[in-house]
$ cat structure.cif   # mmCIF, C-alpha atoms and all ligand atoms
data_start
loop_
_atom_site.label_atom_id
_atom_site.label_comp_id
_atom_site.auth_asym_id
_atom_site.auth_seq_id
_atom_site.Cartn_x
_atom_site.Cartn_y
_atom_site.Cartn_z
CA MET H 25 120.46 157.68 116.20
CA ALA H 26 120.01 154.01 117.13
CA ALA H 27 122.15 151.29 115.53
CA ASP H 28 119.38 150.06 113.26
CA LYS H 29 116.50 152.17 111.92
CA GLY H 30 113.77 150.37 113.82
CA ALA H 31 115.36 150.25 117.26
CA PHE H 32 114.22 152.80 119.81
CA PRO H 33 117.10 155.18 120.61
CA ARG H 34 118.93 154.92 123.93
CA ILE H 35 118.20 158.32 125.45
CA VAL H 36 119.94 160.13 128.28
CA ILE H 37 117.87 163.03 129.60
CA LEU H 38 119.37 165.73 131.82
CA THR H 39 116.94 168.09 133.53
CA GLY H 40 117.61 171.36 135.33
CA ALA H 41 115.61 173.91 137.29
CA GLY H 42 113.69 174.99 134.17
CA VAL H 43 111.71 171.73 134.14
CA SER H 44 110.30 172.63 137.59
CA ALA H 45 109.90 176.37 136.95
CA GLU H 46 106.23 176.02 135.90
CA SER H 47 105.60 174.06 139.08
CA GLY H 48 106.41 177.23 140.95
CA LEU H 49 109.92 176.29 142.10
CA GLY H 50 112.50 179.01 141.50
CA THR H 51 115.33 178.57 139.05
CA PHE H 52 118.80 179.79 139.99
CA ARG H 53 120.02 182.14 137.29
CA ASP H 54 116.90 183.52 135.69
CA LYS H 55 115.59 186.95 136.56
CA ASP H 56 114.75 186.82 140.33
CA GLY H 57 116.29 183.33 140.51
CA LEU H 58 117.53 181.94 143.83
CA TRP H 59 121.09 183.15 143.30
CA THR H 60 119.79 186.69 142.87
CA LYS H 61 118.31 186.51 146.40
CA TYR H 62 120.83 184.42 148.29
CA ASP H 63 124.61 184.34 148.24
CA LEU H 64 125.42 180.81 147.09
CA GLU H 65 128.71 180.98 149.00
CA GLU H 66 126.66 181.32 152.20
CA VAL H 67 123.99 178.68 151.59
CA ALA H 68 125.40 176.17 149.07
CA THR H 69 129.02 175.51 150.07
CA PRO H 70 130.56 173.39 152.87
CA GLN H 71 132.35 176.54 154.09
CA GLY H 72 129.04 178.42 154.33
CA PHE H 73 127.53 175.53 156.29
CA ALA H 74 130.50 175.44 158.68
CA ARG H 75 130.24 179.22 159.20
CA ASN H 76 126.49 179.41 159.72
CA PRO H 77 124.60 176.07 159.74
CA ALA H 78 121.40 177.73 160.98
CA LEU H 79 121.27 179.99 157.89
CA VAL H 80 121.83 177.02 155.58
CA HIS H 81 119.14 174.95 157.29
CA ASP H 82 116.74 177.92 157.06
CA PHE H 83 117.43 178.12 153.30
CA TYR H 84 116.73 174.44 152.75
CA ASN H 85 113.77 174.39 155.18
CA ALA H 86 112.19 177.18 153.10
CA ARG H 87 112.83 175.28 149.84
CA ARG H 88 111.41 172.08 151.41
CA ALA H 89 108.24 173.97 152.44
CA ASN H 90 107.97 175.45 148.93
CA LEU H 91 108.36 171.99 147.41
CA LEU H 92 105.60 170.51 149.59
CA GLY H 93 103.23 173.07 148.08
CA ALA H 94 104.32 172.36 144.49
CA ALA H 95 103.08 169.77 142.02
CA PRO H 96 104.66 168.13 138.96
CA ASN H 97 103.84 169.83 135.66
CA ALA H 98 103.14 168.39 132.18
CA ALA H 99 106.87 168.13 131.48
CA HIS H 100 107.46 165.85 134.50
CA ASP H 101 104.38 163.82 133.51
CA ALA H 102 105.57 163.40 129.92
CA LEU H 103 109.06 162.25 130.97
CA ALA H 104 107.53 159.71 133.37
CA ARG H 105 105.31 158.50 130.50
CA LEU H 106 108.31 158.12 128.18
CA GLN H 107 110.28 156.22 130.80
CA ALA H 108 107.33 153.92 131.59
CA ALA H 109 106.90 153.14 127.87
CA ARG H 110 110.62 152.46 127.30
CA PRO H 111 112.26 151.81 130.69
CA ALA H 112 115.34 150.11 129.20
CA ALA H 113 115.95 152.95 126.74
CA VAL H 114 115.63 156.00 129.01
CA THR H 115 118.12 157.21 131.65
CA LEU H 116 116.75 160.20 133.58
CA VAL H 117 119.44 162.33 135.23
CA THR H 118 118.49 165.48 137.12
CA GLN H 119 120.46 168.35 138.64
CA ASN H 120 117.32 169.22 140.60
CA VAL H 121 116.99 168.33 144.27
CA ASP H 122 113.18 168.40 144.11
CA ASP H 123 111.15 165.17 143.94
CA LEU H 124 108.75 166.25 141.20
CA HIS H 125 110.01 163.65 138.71
CA GLU H 126 109.23 160.95 141.27
CA ARG H 127 105.87 162.48 142.14
CA ALA H 128 105.01 162.34 138.42
CA GLY H 129 105.78 158.61 138.46
CA ALA H 130 109.38 158.50 137.20
CA GLN H 131 111.50 155.64 138.54
CA ASP H 132 115.19 155.36 139.33
CA VAL H 133 115.81 159.10 138.90
CA ILE H 134 119.54 159.85 139.10
CA HIS H 135 119.87 162.87 141.42
CA MET H 136 123.44 163.98 140.74
CA HIS H 137 123.09 166.97 143.12
CA GLY H 138 121.31 165.03 145.86
CA GLU H 139 117.77 165.40 147.20
CA LEU H 140 116.05 168.10 149.27
CA MET H 141 113.82 165.50 150.96
CA ARG H 142 116.82 163.47 152.18
CA ALA H 143 119.21 164.17 155.07
CA ARG H 144 122.75 162.91 155.54
CA CYS H 145 125.07 162.48 158.53
CA ALA H 146 128.46 164.09 157.90
CA ALA H 147 129.96 161.81 160.56
CA CYS H 148 128.80 158.32 159.51
CA GLY H 149 127.28 158.89 156.05
CA HIS H 150 123.84 157.59 157.05
CA VAL H 151 121.09 158.96 154.74
CA TRP H 152 117.40 159.15 155.67
CA ASP H 153 114.16 160.92 154.77
CA ALA H 154 114.61 164.53 155.90
CA PRO H 155 112.12 166.00 158.36
CA GLN H 156 110.42 169.09 156.95
CA VAL H 157 112.44 171.29 159.31
CA MET H 158 116.09 170.57 160.06
CA ALA H 159 118.23 172.44 162.60
CA PRO H 160 121.93 172.53 163.48
CA ASN H 161 123.05 169.73 165.81
CA ASP H 162 120.04 167.50 165.08
CA PRO H 163 121.40 164.08 166.15
CA CYS H 164 121.98 161.47 163.44
CA PRO H 165 119.38 158.68 163.89
CA ALA H 166 122.13 156.10 163.27
CA CYS H 167 125.21 157.30 165.16
CA GLY H 168 123.76 160.10 167.30
CA ALA H 169 126.42 162.62 166.18
CA PRO H 170 125.16 166.24 165.89
CA ALA H 171 126.49 166.25 162.28
CA THR H 172 123.35 166.20 160.14
CA ARG H 173 122.95 168.19 156.89
CA PRO H 174 120.71 168.25 153.83
CA ASP H 175 121.69 165.43 151.43
CA VAL H 176 122.41 168.06 148.76
CA VAL H 177 125.69 168.34 146.82
CA TRP H 178 127.17 171.80 147.39
CA PHE H 179 129.59 173.76 145.21
CA GLY H 180 133.04 172.27 145.61
CA GLU H 181 131.64 168.82 146.42
CA PHE H 182 131.64 165.90 144.02
CA PRO H 183 128.27 165.10 142.39
CA TYR H 184 126.71 161.68 142.94
CA HIS H 185 126.44 158.76 140.46
CA MET H 186 129.03 160.08 138.01
CA ASP H 187 130.23 156.62 136.94
CA ARG H 188 126.70 155.53 136.09
CA ILE H 189 126.06 158.76 134.19
CA ALA H 190 129.32 158.41 132.22
CA GLU H 191 128.37 154.87 131.25
CA ALA H 192 124.92 155.96 130.04
CA LEU H 193 126.39 158.85 128.03
CA ALA H 194 128.90 156.49 126.38
CA GLN H 195 126.04 154.33 125.12
CA ALA H 196 123.54 157.06 124.27
CA ASP H 197 122.05 157.51 120.80
CA LEU H 198 120.39 160.74 121.92
CA PHE H 199 121.18 163.23 124.70
CA VAL H 200 118.47 165.70 125.68
CA ALA H 201 119.07 168.65 128.04
CA ILE H 202 115.86 170.15 129.41
CA GLY H 203 115.62 173.44 131.32
CA THR H 204 119.25 173.87 132.25
CA SER H 205 121.49 176.87 131.62
CA GLY H 206 124.56 174.66 131.18
CA GLN H 207 126.59 176.86 133.52
CA VAL H 208 127.62 174.28 136.11
CA TYR H 209 130.05 171.41 135.50
CA PRO H 210 130.21 168.45 135.29
CA ALA H 211 126.57 168.48 134.04
CA ALA H 212 127.38 171.25 131.55
CA GLY H 213 129.92 168.94 129.86
CA PHE H 214 127.50 166.03 129.29
CA VAL H 215 126.53 167.34 125.84
CA GLU H 216 130.12 167.04 124.62
CA GLU H 217 130.57 163.65 126.31
CA ALA H 218 127.47 162.33 124.55
CA ALA H 219 128.46 163.84 121.20
CA MET H 220 131.90 162.20 121.46
CA SER H 221 130.13 158.84 121.78
CA GLY H 222 128.24 159.58 118.59
CA ALA H 223 124.95 160.65 120.17
CA ARG H 224 122.72 163.27 118.61
CA THR H 225 122.10 166.16 121.02
CA LEU H 226 118.88 168.13 121.59
CA GLU H 227 118.16 171.08 123.87
CA LEU H 228 114.64 171.85 125.14
CA ASN H 229 114.67 175.26 126.82
CA LEU H 230 112.90 178.63 126.83
CA GLU H 231 115.66 179.74 124.48
CA PRO H 232 118.94 178.31 123.17
CA THR H 233 121.71 178.48 125.77
CA THR H 234 124.64 177.47 123.55
CA ALA H 235 125.47 176.37 120.00
CA ARG H 236 126.77 173.03 121.28
CA PHE H 237 123.55 171.09 120.56
CA ASP H 238 122.63 169.58 117.18
CA GLU H 239 119.03 170.75 117.63
CA HIS H 240 117.20 173.31 119.83
CA ARG H 241 113.50 173.53 120.54
CA SER H 242 112.41 176.71 122.30
CA GLY H 243 109.42 177.19 124.57
CA PRO H 244 108.13 176.38 128.06
CA ALA H 245 108.93 172.82 129.15
CA SER H 246 105.28 172.11 129.95
CA ARG H 247 104.52 172.54 126.23
CA ILE H 248 107.63 171.41 124.31
CA VAL H 249 108.48 168.34 126.43
CA PRO H 250 105.08 166.63 125.99
CA ALA H 251 105.25 167.45 122.24
CA TRP H 252 108.70 165.88 121.96
CA VAL H 253 107.63 162.76 123.94
CA ALA H 254 104.50 162.39 121.77
CA GLU H 255 106.70 162.38 118.65
CA LEU H 256 108.82 159.60 120.12
CA LEU H 257 105.96 157.43 121.34
CA ASP H 258 103.27 157.99 118.73
N1 LIG B 1 110.77 175.89 130.45
C1 LIG B 1 111.98 175.54 129.95
N2 LIG B 1 113.14 176.08 130.37
C2 LIG B 1 113.06 177.03 131.33
C3 LIG B 1 111.83 177.47 131.88
C4 LIG B 1 110.65 176.85 131.40
N3 LIG B 1 109.44 177.19 131.86
N4 LIG B 1 112.11 178.45 132.80
C5 LIG B 1 113.44 178.59 132.82
N5 LIG B 1 114.02 177.76 131.94
C6 LIG B 1 115.44 177.58 131.66
C7 LIG B 1 116.23 178.87 131.61
O1 LIG B 1 116.24 179.41 130.29
C8 LIG B 1 117.63 178.38 132.03
O2 LIG B 1 118.38 177.95 130.90
O3 LIG B 1 115.96 176.85 132.75
C9 LIG B 1 117.34 177.17 132.92
C10 LIG B 1 117.58 177.44 134.40
O4 LIG B 1 118.96 177.62 134.57
P1 LIG B 1 119.56 177.67 136.05
O5 LIG B 1 118.71 178.59 136.89
O6 LIG B 1 121.02 177.94 135.91
O7 LIG B 1 119.33 176.20 136.63
P2 LIG B 1 120.21 174.91 136.36
O8 LIG B 1 120.78 174.91 134.98
O9 LIG B 1 119.39 173.76 136.76
O10 LIG B 1 121.41 175.08 137.44
C11 LIG B 1 122.34 174.01 137.52
O11 LIG B 1 123.42 175.09 139.39
O12 LIG B 1 123.15 176.26 141.32
C12 LIG B 1 123.44 175.02 140.82
O13 LIG B 1 123.05 172.99 141.88
C13 LIG B 1 122.39 174.05 141.26
O14 LIG B 1 121.47 172.22 140.01
C14 LIG B 1 121.76 173.60 139.95
C15 LIG B 1 122.83 173.89 138.93
#

$ encode --input "structure.cif" --output "structure tokens" --more "lines below"
Ligand code: APR
Amino acid sequence: MAADKGAFPRIVILTGAGVSAESGLGTFRDKDGLWTKYDLEEVATPQGFARNPALVHDFYNARRANLLGAAPNAAHDALARLQAARPAAVTLVTQNVDDLHERAGAQDVIHMHGELMRARCAACGHVWDAPQVMAPNDPCPACGAPATRPDVVWFGEFPYHMDRIAEALAQADLFVAIGTSGQVYPAAGFVEEAAMSGARTLELNLEPTTARFDEHRSGPASRIVPAWVAELLD
């Protein structure tokens, strides 16, 4: 834990789809998860987008519509509370492309897989707030090129903010993975990276996903995340 007993630990939190599951957003690999309904090769790779951009936009338009009807749950609220109480101690990294952490009040959320509510121009790199419905050949508002796409990191693409995440993991006293199956790298390797820097590691999930954490707490995020935050703050 922290260098001296009294200091609050420097915490890196990594969230995955499980933190938004109780807000009604699908996870990927659970029973009836998104990857049981869609072929990720078709809707979450650059090759799939090049082959059929209309299908990919339909997939993300449907997820955007779903997100607009969703609300943060008690887990998002608790993490925002923790960060507000100890802003210098908490780094919040998410694999999720939803904006529920922000809608719960979290600041400076590190979206390593991009954001559903943002669009990007593949020609000039311009990024802007996505319209609810995107279509192939929508012109980029900056350069006009018909090269717009969701600002989401697809399989085979490099996640965002990796330097900043590596720096936070190197200084962490505690690494907490919440609602992630730990199947997708580089996020799945953060627990080892943190442990190598001497951090204690904790997993909050419906059930343990791996033996690689020092501690596991099992249960729905909306119950076990507020309980964990209350322990830290009270
Ligand atoms: N509370 C806590 N954990 C939950 C809950 C819940 N209510 N519901 C599900 N979970 C857990 C599951 O046990 C599982 O470990 O959430 C995890 C969801 O795993 P995945 O569906 O694989 O989602 P995630 O780990 O976020 O996927 C990582 O893969 O497809 C890519 O880019 C996509 O960011 C995503 C990445």

$ residues_around --input "structure.cif" --residues "H:Val36" --least-positions-apart "6" --cutoff "10 Å" --atoms "only C-alpha atoms" --output "VMD selection string"
chain H and resid 113 to 117 189 192 to 201 214 218 223 225

$ write_last_selection --input "structure.cif" --atoms "C-alpha atoms" --output "compact mmCIF listing (two decimals), in the coordinates of the input"
# COMPACT_ATOMS: atom_id res chain seq x y z
CA ALA H 113 115.95 152.95 126.74
CA VAL H 114 115.63 156.00 129.01
CA THR H 115 118.12 157.21 131.65
CA LEU H 116 116.75 160.20 133.58
CA VAL H 117 119.44 162.33 135.23
CA ILE H 189 126.06 158.76 134.19
CA ALA H 192 124.92 155.96 130.04
CA LEU H 193 126.39 158.85 128.03
CA ALA H 194 128.90 156.49 126.38
CA GLN H 195 126.04 154.33 125.12
CA ALA H 196 123.54 157.06 124.27
CA ASP H 197 122.05 157.51 120.80
CA LEU H 198 120.39 160.74 121.92
CA PHE H 199 121.18 163.23 124.70
CA VAL H 200 118.47 165.70 125.68
CA ALA H 201 119.07 168.65 128.04
CA PHE H 214 127.50 166.03 129.29
CA ALA H 218 127.47 162.33 124.55
CA ALA H 223 124.95 160.65 120.17
CA THR H 225 122.10 166.16 121.02

$ residues_near_ligand --input "structure.cif" --ligand "ligand LIG 1 (chain B)" --cutoff "6 Å" --atoms "all atoms listed in the file" --output "ChimeraX atom specification"
/H:40-43,45-46,51-54,119-120,203-206,208,229-231,244-245

$ closest_residue --input "structure.cif" --among "H:Asn97, H:Thr172, H:Gln131, H:Thr69" --to "H:Ala112" --atoms "only C-alpha atoms"
H:Gln131

$ atom_distance --input "structure.cif" --atom1 "atom CA of H:Tyr209" --atom2 "atom CA of H:Asn90"
26.2 Å

$ atom_distance --input "structure.cif" --atom1 "atom CA of H:Leu256" --atom2 "atom CA of H:Ala211"
24.2 Å

$ closest_residue --input "structure.cif" --among "H:Ala166, H:Ala147, H:Val80, H:Leu140" --to "H:Val67" --atoms "all atoms listed in the file"
H:Val80

$ closest_residue --input "structure.cif" --among "H:Met141, H:Ala109, H:Ala235, H:Val133" --to "H:His185" --atoms "all atoms listed in the file"
H:Val133

$ atom_distance --input "structure.cif" --atom1 "atom CA of H:Arg142" --atom2 "atom CA of H:Leu92"
13.5 Å

$ closest_residue --input "structure.cif" --among "H:Arg224, H:His150, H:Arg75, H:Arg110" --to "H:Asp238" --atoms "all atoms listed in the file"
H:Arg224

$ closest_residue --input "structure.cif" --among "H:Asp132, H:Phe237, H:Arg144, H:Gly243" --to "H:Pro111" --atoms "all atoms listed in the file"
H:Asp132

$ closest_residue --input "structure.cif" --among "H:Val177, H:Leu106, H:Met136, H:Met158" --to "H:Ala254" --atoms "only C-alpha atoms"
H:Leu106

$ axis_aligned_box --input "structure.cif" --around "stretch 196-202 of chain H" --padding-each-side "8 Å" --output "lines of an AutoDock Vina configuration file"
center_x = 119.7
center_y = 163.6
center_z = 125.1
size_x = 23.7
size_y = 29.1
size_z = 24.6
